[in-house]
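What follows is a single structure, written as structure tokens, with notes after it.
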Amino acid sequence: MNGRHGNPGFSLVPASGRETAERTATRQLLRMPDGAEMIVPTGVIRDDDPFDTVEDLLATAAVGLLGDTMIATPEGERAVASLAEGDLIDTRDGGAQAIRLIAQSEATADGVLAPVTIAPDTFGHHRALTVAPQQRILISDWRADLLFGEAEVLIPARFLTNGQTVKRADAGATSYYIIMLTRHDALWANGLMTETFQPSVQALSLMQDETRARLLQSFPQLRNDPSGGYGNAVRPTLRQWEVKYLMR
């Protein structure tokens, strides 16, 4: 396969071997030519979908933290994989807040799904942090205030890559965790502020059935309004061209 349009360059295969038998009929394994793989609900992506559309869907839906990421809580830092719904975490605007939903997804994190690693102290005082490519980082910078009238902005990690202090690399089999609160906020992950989960049409469409059902039970308004029913982002999100102006 060559391509970008018409001849898609990706493949959809049965999820057998990755899923239990009873779930195989409703799930497919999406394989991208760059090595990225993800279990997706049957019907969300079709064999004749344009390659660019599928690639963009994966890129914009790939959010989350690695399981060993340390999250600030009122009792001290805890690994995200050790947290549970109802646990309190520290947030930028809301103080200590209870986790409404925590979920894990599996992917072959290569190519378009490859994580982004931010070196220590790149954006203030923090340890190294590795996140999914669309996970947004909260940046506080005088240039943001000057250019965009906002002292703090959110930037998808993939837009921050510079080949030096912020890099992407294939990671193979990876678990990404999301933390969802009553409203969107920022938390401290390895000392760096990053967003809690904000649902989007793209993220919900690729979410595992069980996770989506739990989410919609807690936030029934998202059934009819998946993009706006949860509320606004905690800070404005910069577009890629805006990030280039900010970081140059």
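How things are named: the first chain in the structure tokens is A, the next is B, and so on; residues count from 1 in each chain; ligands count from 1 in the order shown.
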(message) List the spatial neighbours of A:Ala107 as a PyMOL selection string - criterion: any atom at most 10 Å away, only C-alpha atoms, same-chain residues fewer than 5 positions off excluded.
(response) chain A and resi 29-30+36-39+62+113-114+171-176
Given the selection you just returned, output its residues as a file containing N, CA, C and O atoms, formatted as a short mmCIF file (atom, residue, chain, number, x, y, z; two decimals), in the first residue's frame.
data_model
loop_
_atom_site.label_atom_id
_atom_site.label_comp_id
_atom_site.auth_asym_id
_atom_site.auth_seq_id
_atom_site.Cartn_x
_atom_site.Cartn_y
_atom_site.Cartn_z
N LEU A 29 -8.35 -4.59 15.74
CA LEU A 29 -6.99 -4.12 15.94
C LEU A 29 -6.62 -3.25 14.74
O LEU A 29 -6.59 -3.72 13.60
N LEU A 30 -6.35 -1.98 15.01
CA LEU A 30 -5.92 -1.05 13.97
C LEU A 30 -4.40 -1.03 13.92
O LEU A 30 -3.75 -0.76 14.93
N ALA A 36 2.31 1.87 14.88
CA ALA A 36 1.30 2.11 15.91
C ALA A 36 0.17 1.09 15.80
O ALA A 36 -0.26 0.74 14.70
N GLU A 37 -0.30 0.61 16.95
CA GLU A 37 -1.41 -0.33 17.00
C GLU A 37 -2.33 0.05 18.17
O GLU A 37 -1.85 0.43 19.24
N MET A 38 -3.64 -0.09 17.93
CA MET A 38 -4.60 0.19 18.98
C MET A 38 -5.87 -0.62 18.74
O MET A 38 -6.30 -0.78 17.60
N ILE A 39 -6.44 -1.15 19.82
CA ILE A 39 -7.74 -1.80 19.75
C ILE A 39 -8.80 -0.70 19.65
O ILE A 39 -8.84 0.21 20.47
N ALA A 62 -4.96 10.53 21.42
CA ALA A 62 -3.93 9.87 22.23
C ALA A 62 -3.54 10.74 23.42
O ALA A 62 -2.67 11.60 23.32
N LEU A 113 1.43 7.21 17.72
CA LEU A 113 1.10 7.04 19.13
C LEU A 113 2.33 7.12 20.04
O LEU A 113 2.21 6.95 21.26
N ALA A 114 3.50 7.37 19.49
CA ALA A 114 4.72 7.41 20.29
C ALA A 114 4.65 8.50 21.34
O ALA A 114 4.23 9.63 21.06
N ALA A 171 7.85 3.45 21.76
CA ALA A 171 7.92 2.83 23.08
C ALA A 171 7.37 1.41 23.11
O ALA A 171 7.43 0.76 24.15
N GLY A 172 6.80 0.93 21.99
CA GLY A 172 6.24 -0.42 21.99
C GLY A 172 5.00 -0.51 22.86
O GLY A 172 4.24 0.45 22.99
N ALA A 173 4.79 -1.67 23.47
CA ALA A 173 3.59 -1.90 24.28
C ALA A 173 3.57 -0.93 25.46
O ALA A 173 4.51 -0.90 26.27
N THR A 174 2.51 -0.15 25.55
CA THR A 174 2.42 0.93 26.54
C THR A 174 1.01 1.01 27.11
O THR A 174 0.04 0.78 26.40
N SER A 175 0.91 1.35 28.38
CA SER A 175 -0.37 1.64 29.02
C SER A 175 -0.45 3.13 29.30
O SER A 175 0.46 3.69 29.92
N TYR A 176 -1.50 3.76 28.82
CA TYR A 176 -1.77 5.17 29.11
C TYR A 176 -2.94 5.25 30.09
O TYR A 176 -3.95 4.59 29.92
#
Counting only C-alpha atoms, what is within 12 Å of stretch 212-220 of chain A, bar same-chain residues fewer than 2 positions away, as a PDB file with C-alpha atoms, in the first residue's frame?
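The result, written out as result-v3.pdb:
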ATOM      1  CA  PRO A  41     -14.478  -0.350  18.430  1.00  0.00           C
ATOM      2  CA  GLU A  85     -11.813   6.599  41.874  1.00  0.00           C
ATOM      3  CA  ILE A  99     -11.137  11.385  41.027  1.00  0.00           C
ATOM      4  CA  ARG A 100     -14.399  10.669  39.208  1.00  0.00           C
ATOM      5  CA  LEU A 101     -12.919   8.297  36.621  1.00  0.00           C
ATOM      6  CA  ILE A 102      -9.542   6.656  36.161  1.00  0.00           C
ATOM      7  CA  ALA A 103      -8.974   4.373  33.196  1.00  0.00           C
ATOM      8  CA  GLN A 104      -6.193   2.572  31.410  1.00  0.00           C
ATOM      9  CA  SER A 105      -5.766   1.908  27.695  1.00  0.00           C
ATOM     10  CA  ILE A 178      -6.411   9.088  32.213  1.00  0.00           C
ATOM     11  CA  ILE A 179      -7.734  10.877  35.313  1.00  0.00           C
ATOM     12  CA  MET A 180     -11.093  12.635  35.063  1.00  0.00           C
ATOM     13  CA  LEU A 181     -12.529  15.037  37.635  1.00  0.00           C
ATOM     14  CA  THR A 182     -15.876  16.796  38.003  1.00  0.00           C
ATOM     15  CA  ARG A 183     -14.455  19.575  35.853  1.00  0.00           C
ATOM     16  CA  PHE A 197      -8.879  14.253  31.085  1.00  0.00           C
ATOM     17  CA  GLN A 198     -11.281  16.382  29.050  1.00  0.00           C
ATOM     18  CA  PRO A 199     -13.539  14.217  26.861  1.00  0.00           C
ATOM     19  CA  SER A 200     -13.675  14.853  23.129  1.00  0.00           C
ATOM     20  CA  VAL A 201     -15.570  13.225  20.291  1.00  0.00           C
ATOM     21  CA  ALA A 203     -11.293  10.281  22.483  1.00  0.00           C
ATOM     22  CA  LEU A 204     -14.765   8.890  23.207  1.00  0.00           C
ATOM     23  CA  SER A 205     -14.975   7.202  19.818  1.00  0.00           C
ATOM     24  CA  LEU A 206     -11.776   5.220  20.447  1.00  0.00           C
ATOM     25  CA  MET A 207     -12.411   4.527  24.137  1.00  0.00           C
ATOM     26  CA  GLN A 208     -12.914   0.965  25.296  1.00  0.00           C
ATOM     27  CA  ASP A 209     -16.583   0.063  25.671  1.00  0.00           C
ATOM     28  CA  GLU A 210     -16.421  -0.544  29.416  1.00  0.00           C
ATOM     29  CA  LEU A 222     -22.064  13.674  27.377  1.00  0.00           C
ATOM     30  CA  ARG A 223     -24.414  11.270  25.588  1.00  0.00           C
ATOM     31  CA  ASN A 224     -26.017  14.167  23.727  1.00  0.00           C
ATOM     32  CA  ASP A 225     -23.148  16.645  23.829  1.00  0.00           C
ATOM     33  CA  PRO A 226     -19.801  14.811  23.892  1.00  0.00           C
ATOM     34  CA  GLY A 228     -19.390  20.580  25.054  1.00  0.00           C
ATOM     35  CA  GLY A 229     -21.252  18.770  27.805  1.00  0.00           C
ATOM     36  CA  TYR A 230     -18.264  18.615  30.133  1.00  0.00           C
ATOM     37  CA  GLY A 231     -17.386  22.296  30.051  1.00  0.00           C
TER      38      GLY A 231
END
(request) Tell me which of A:Leu238, A:Met247, A:Ile71, A:Val153 sits closest to A:Leu187, counting only C-alpha atoms. (result)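 Using only C-alpha atoms, the shortest distance to A:Leu187 belongs to A:Ile71.
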(message) Set the distance at 8 Å and use only C-alpha atoms: which residues neighbour stretch 135-142 of chain A once local chain neighbours fewer than 4 positions away are removed? I'd like the list as a PyMOL selection string.
(response) chain A and resi 62-65+123+131+146+151-157+186+192-195+235
May I have the residues from that selection written out with N, CA, C and O atoms, as a JSON list (two decimals), in the first residue's frame?
[["chain", "number", "residue", "atom", "x", "y", "z"],
["A", 62, "ALA", "N", -4.96, 10.53, 21.42],
["A", 62, "ALA", "CA", -3.93, 9.87, 22.23],
["A", 62, "ALA", "C", -3.54, 10.74, 23.42],
["A", 62, "ALA", "O", -2.67, 11.60, 23.32],
["A", 63, "VAL", "N", -4.22, 10.53, 24.54],
["A", 63, "VAL", "CA", -3.95, 11.29, 25.75],
["A", 63, "VAL", "C", -3.64, 10.32, 26.89],
["A", 63, "VAL", "O", -4.00, 9.15, 26.85],
["A", 64, "GLY", "N", -2.98, 10.83, 27.92],
["A", 64, "GLY", "CA", -2.77, 10.01, 29.10],
["A", 64, "GLY", "C", -1.35, 10.07, 29.63],
["A", 64, "GLY", "O", -0.45, 10.65, 29.03],
["A", 65, "LEU", "N", -1.18, 9.42, 30.79],
["A", 65, "LEU", "CA", 0.07, 9.39, 31.52],
["A", 65, "LEU", "C", 0.53, 7.95, 31.68],
["A", 65, "LEU", "O", -0.30, 7.03, 31.69],
["A", 123, "PHE", "N", 10.41, 23.15, 31.79],
["A", 123, "PHE", "CA", 9.39, 24.19, 32.02],
["A", 123, "PHE", "C", 9.27, 24.47, 33.51],
["A", 123, "PHE", "O", 8.25, 24.20, 34.14],
["A", 131, "VAL", "N", 4.54, 11.43, 28.39],
["A", 131, "VAL", "CA", 3.09, 11.46, 28.25],
["A", 131, "VAL", "C", 2.70, 11.05, 26.84],
["A", 131, "VAL", "O", 3.52, 11.02, 25.92],
["A", 146, "LEU", "N", 2.15, 38.06, 26.56],
["A", 146, "LEU", "CA", 2.43, 39.10, 25.58],
["A", 146, "LEU", "C", 1.77, 38.80, 24.24],
["A", 146, "LEU", "O", 1.15, 39.68, 23.61],
["A", 151, "ALA", "N", -1.65, 34.32, 30.71],
["A", 151, "ALA", "CA", -0.42, 34.01, 31.45],
["A", 151, "ALA", "C", -0.11, 32.53, 31.44],
["A", 151, "ALA", "O", 1.05, 32.12, 31.55],
["A", 152, "GLU", "N", -1.15, 31.69, 31.32],
["A", 152, "GLU", "CA", -0.98, 30.24, 31.29],
["A", 152, "GLU", "C", -1.77, 29.67, 30.11],
["A", 152, "GLU", "O", -2.91, 30.09, 29.86],
["A", 153, "VAL", "N", -1.18, 28.72, 29.42],
["A", 153, "VAL", "CA", -1.82, 28.10, 28.26],
["A", 153, "VAL", "C", -1.58, 26.60, 28.30],
["A", 153, "VAL", "O", -0.65, 26.10, 28.95],
["A", 154, "LEU", "N", -2.44, 25.87, 27.60],
["A", 154, "LEU", "CA", -2.27, 24.43, 27.43],
["A", 154, "LEU", "C", -1.70, 24.16, 26.04],
["A", 154, "LEU", "O", -2.15, 24.76, 25.05],
["A", 155, "ILE", "N", -0.73, 23.24, 25.97],
["A", 155, "ILE", "CA", -0.10, 22.89, 24.70],
["A", 155, "ILE", "C", 0.01, 21.38, 24.60],
["A", 155, "ILE", "O", 0.57, 20.73, 25.50],
["A", 156, "PRO", "N", -0.52, 20.76, 23.54],
["A", 156, "PRO", "CA", -0.31, 19.32, 23.35],
["A", 156, "PRO", "C", 1.18, 19.00, 23.32],
["A", 156, "PRO", "O", 1.97, 19.71, 22.67],
["A", 157, "ALA", "N", 1.56, 17.94, 24.00],
["A", 157, "ALA", "CA", 2.97, 17.62, 24.13],
["A", 157, "ALA", "C", 3.65, 17.45, 22.78],
["A", 157, "ALA", "O", 4.82, 17.83, 22.61],
["A", 186, "ALA", "N", -5.88, 21.13, 36.07],
["A", 186, "ALA", "CA", -4.50, 20.70, 35.88],
["A", 186, "ALA", "C", -4.00, 20.07, 37.16],
["A", 186, "ALA", "O", -4.37, 20.49, 38.27],
["A", 192, "LEU", "N", 5.42, 18.60, 37.14],
["A", 192, "LEU", "CA", 5.04, 19.46, 36.03],
["A", 192, "LEU", "C", 3.53, 19.46, 35.88],
["A", 192, "LEU", "O", 2.89, 18.41, 35.99],
["A", 193, "MET", "N", 2.95, 20.63, 35.63],
["A", 193, "MET", "CA", 1.50, 20.71, 35.49],
["A", 193, "MET", "C", 1.05, 20.21, 34.13],
["A", 193, "MET", "O", 1.56, 20.64, 33.09],
["A", 194, "THR", "N", 0.08, 19.31, 34.15],
["A", 194, "THR", "CA", -0.53, 18.79, 32.94],
["A", 194, "THR", "C", -2.02, 18.61, 33.20],
["A", 194, "THR", "O", -2.47, 18.66, 34.35],
["A", 195, "GLU", "N", -2.77, 18.43, 32.14],
["A", 195, "GLU", "CA", -4.23, 18.43, 32.28],
["A", 195, "GLU", "C", -4.78, 17.12, 32.83],
["A", 195, "GLU", "O", -4.18, 16.05, 32.68],
["A", 235, "ARG", "N", -7.61, 26.07, 30.72],
["A", 235, "ARG", "CA", -6.88, 27.18, 30.12],
["A", 235, "ARG", "C", -7.02, 27.09, 28.60],
["A", 235, "ARG", "O", -7.29, 26.00, 28.06]]
(request) Using atom CA of A:Arg46 and atom CA of A:Leu12 as the two end points, give the distance in Å to one decimal. (result)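 A separation of 7.9 Å between them.
Nearest to A:Pro120 of all the residues A:Asn190, A:Arg248, A:Val243, A:Ser11 is A:Asn190, based on only C-alpha atoms.
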(request) Check stretch 78-247 of chain A with DSSP on the backbone and list each residue it calls strand (DSSP E or B), as a PyMOL selection string. (result) chain A and resi 78-79+88-91+95-98+101-108+116-118+129-131+136-140+152-156+166-168+173-180+186-189+192-195+237
Output the selection as a compact mmCIF listing (two decimals), in the first residue's frame - N, CA and C atoms for each residue.
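Written out: out-v4.txt:
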# COMPACT_ATOMS: atom_id res chain seq x y z
N ARG A 78 1.82 9.99 44.60
CA ARG A 78 1.47 8.59 44.37
C ARG A 78 1.54 8.28 42.89
N ALA A 79 1.94 7.06 42.57
CA ALA A 79 1.96 6.63 41.17
C ALA A 79 0.54 6.59 40.63
N LEU A 88 -8.27 11.56 46.43
CA LEU A 88 -8.06 12.98 46.24
C LEU A 88 -6.71 13.25 45.59
N ILE A 89 -6.70 14.21 44.66
CA ILE A 89 -5.45 14.68 44.07
C ILE A 89 -5.42 16.20 44.16
N ASP A 90 -4.23 16.77 44.14
CA ASP A 90 -4.07 18.22 44.14
C ASP A 90 -4.25 18.76 42.73
N THR A 91 -4.98 19.88 42.60
CA THR A 91 -5.19 20.49 41.29
C THR A 91 -4.84 21.96 41.32
N GLY A 95 -7.97 22.95 44.07
CA GLY A 95 -7.46 22.35 45.30
C GLY A 95 -7.55 20.84 45.25
N ALA A 96 -7.80 20.23 46.40
CA ALA A 96 -7.93 18.77 46.47
C ALA A 96 -9.27 18.36 45.88
N GLN A 97 -9.23 17.50 44.86
CA GLN A 97 -10.45 17.05 44.20
C GLN A 97 -10.46 15.52 44.12
N ALA A 98 -11.66 14.96 44.18
CA ALA A 98 -11.82 13.51 44.09
C ALA A 98 -11.82 13.07 42.63
N LEU A 101 -13.18 9.42 37.52
CA LEU A 101 -12.92 8.30 36.62
C LEU A 101 -11.43 8.16 36.43
N ILE A 102 -10.92 6.95 36.54
CA ILE A 102 -9.54 6.66 36.16
C ILE A 102 -9.59 5.42 35.29
N ALA A 103 -8.89 5.47 34.16
CA ALA A 103 -8.97 4.37 33.20
C ALA A 103 -7.63 4.18 32.53
N GLN A 104 -7.44 2.98 32.04
CA GLN A 104 -6.19 2.57 31.41
C GLN A 104 -6.49 2.07 30.00
N SER A 105 -5.64 2.43 29.05
CA SER A 105 -5.77 1.91 27.69
C SER A 105 -4.41 1.36 27.25
N GLU A 106 -4.46 0.36 26.38
CA GLU A 106 -3.25 -0.28 25.88
C GLU A 106 -3.03 0.10 24.42
N ALA A 107 -1.78 0.29 24.06
CA ALA A 107 -1.46 0.61 22.68
C ALA A 107 -0.02 0.19 22.40
N THR A 108 0.26 -0.04 21.12
CA THR A 108 1.64 -0.11 20.68
C THR A 108 2.04 1.31 20.35
N VAL A 116 5.78 11.36 24.25
CA VAL A 116 6.67 12.52 24.29
C VAL A 116 7.32 12.56 25.66
N THR A 117 8.64 12.73 25.69
CA THR A 117 9.37 12.84 26.96
C THR A 117 9.94 14.24 27.11
N ILE A 118 9.59 14.86 28.22
CA ILE A 118 10.05 16.21 28.55
C ILE A 118 11.16 16.09 29.58
N LEU A 129 9.21 13.81 32.43
CA LEU A 129 7.83 13.37 32.31
C LEU A 129 7.59 12.84 30.91
N THR A 130 7.00 11.64 30.83
CA THR A 130 6.64 11.04 29.55
C THR A 130 5.12 10.92 29.48
N VAL A 131 4.54 11.43 28.39
CA VAL A 131 3.09 11.46 28.25
C VAL A 131 2.70 11.05 26.84
N ARG A 136 -2.02 17.46 27.11
CA ARG A 136 -1.67 18.88 27.12
C ARG A 136 -0.92 19.27 28.39
N ILE A 137 0.12 20.06 28.20
CA ILE A 137 0.97 20.55 29.28
C ILE A 137 0.59 22.00 29.57
N LEU A 138 0.49 22.35 30.86
CA LEU A 138 0.18 23.73 31.23
C LEU A 138 1.48 24.52 31.33
N ILE A 139 1.61 25.51 30.47
CA ILE A 139 2.82 26.31 30.38
C ILE A 139 2.53 27.71 30.89
N SER A 140 3.37 28.19 31.80
CA SER A 140 3.29 29.56 32.29
C SER A 140 4.51 30.31 31.76
N GLU A 152 -1.15 31.69 31.32
CA GLU A 152 -0.98 30.24 31.29
C GLU A 152 -1.77 29.67 30.11
N VAL A 153 -1.18 28.72 29.42
CA VAL A 153 -1.82 28.10 28.26
C VAL A 153 -1.58 26.60 28.30
N LEU A 154 -2.44 25.87 27.60
CA LEU A 154 -2.27 24.43 27.43
C LEU A 154 -1.70 24.16 26.04
N ILE A 155 -0.73 23.24 25.97
CA ILE A 155 -0.10 22.89 24.70
C ILE A 155 0.01 21.38 24.60
N PRO A 156 -0.52 20.76 23.54
CA PRO A 156 -0.31 19.32 23.35
C PRO A 156 1.18 19.00 23.32
N VAL A 166 12.68 18.14 24.53
CA VAL A 166 11.38 17.48 24.38
C VAL A 166 11.46 16.59 23.14
N LYS A 167 11.38 15.27 23.35
CA LYS A 167 11.61 14.32 22.27
C LYS A 167 10.51 13.27 22.22
N ARG A 168 10.33 12.68 21.03
CA ARG A 168 9.43 11.55 20.85
C ARG A 168 10.24 10.34 20.45
N ALA A 173 4.79 -1.67 23.47
CA ALA A 173 3.59 -1.90 24.28
C ALA A 173 3.57 -0.93 25.46
N THR A 174 2.51 -0.15 25.55
CA THR A 174 2.42 0.93 26.54
C THR A 174 1.01 1.01 27.11
N SER A 175 0.91 1.35 28.38
CA SER A 175 -0.37 1.64 29.02
C SER A 175 -0.45 3.13 29.30
N TYR A 176 -1.50 3.76 28.82
CA TYR A 176 -1.77 5.17 29.11
C TYR A 176 -2.94 5.25 30.09
N TYR A 177 -2.79 6.11 31.12
CA TYR A 177 -3.84 6.30 32.13
C TYR A 177 -4.43 7.70 31.99
N ILE A 178 -5.75 7.79 32.15
CA ILE A 178 -6.41 9.09 32.21
C ILE A 178 -7.06 9.26 33.58
N ILE A 179 -7.09 10.51 34.05
CA ILE A 179 -7.73 10.88 35.31
C ILE A 179 -8.76 11.95 35.00
N MET A 180 -10.01 11.70 35.35
CA MET A 180 -11.09 12.63 35.06
C MET A 180 -11.72 13.11 36.37
N ALA A 186 -5.88 21.13 36.07
CA ALA A 186 -4.50 20.70 35.88
C ALA A 186 -4.00 20.07 37.16
N LEU A 187 -3.18 19.05 37.02
CA LEU A 187 -2.58 18.36 38.16
C LEU A 187 -1.06 18.40 38.01
N TRP A 188 -0.37 18.00 39.08
CA TRP A 188 1.09 17.95 39.04
C TRP A 188 1.52 16.50 38.81
N ALA A 189 2.24 16.29 37.71
CA ALA A 189 2.75 14.97 37.33
C ALA A 189 4.27 15.05 37.27
N LEU A 192 5.42 18.60 37.14
CA LEU A 192 5.04 19.46 36.03
C LEU A 192 3.53 19.46 35.88
N MET A 193 2.95 20.63 35.63
CA MET A 193 1.50 20.71 35.49
C MET A 193 1.05 20.21 34.13
N THR A 194 0.08 19.31 34.15
CA THR A 194 -0.53 18.79 32.94
C THR A 194 -2.02 18.61 33.20
N GLU A 195 -2.77 18.43 32.14
CA GLU A 195 -4.23 18.43 32.28
C GLU A 195 -4.78 17.12 32.83
N THR A 237 -6.11 26.52 24.77
CA THR A 237 -5.17 25.61 24.11
C THR A 237 -4.59 26.27 22.87
(message) With distances taken over only C-alpha atoms, which residue among A:Asp121, A:Asp170, A:Arg92, A:Arg158 lies nearest A:Gly35?
(response) A:Asp170
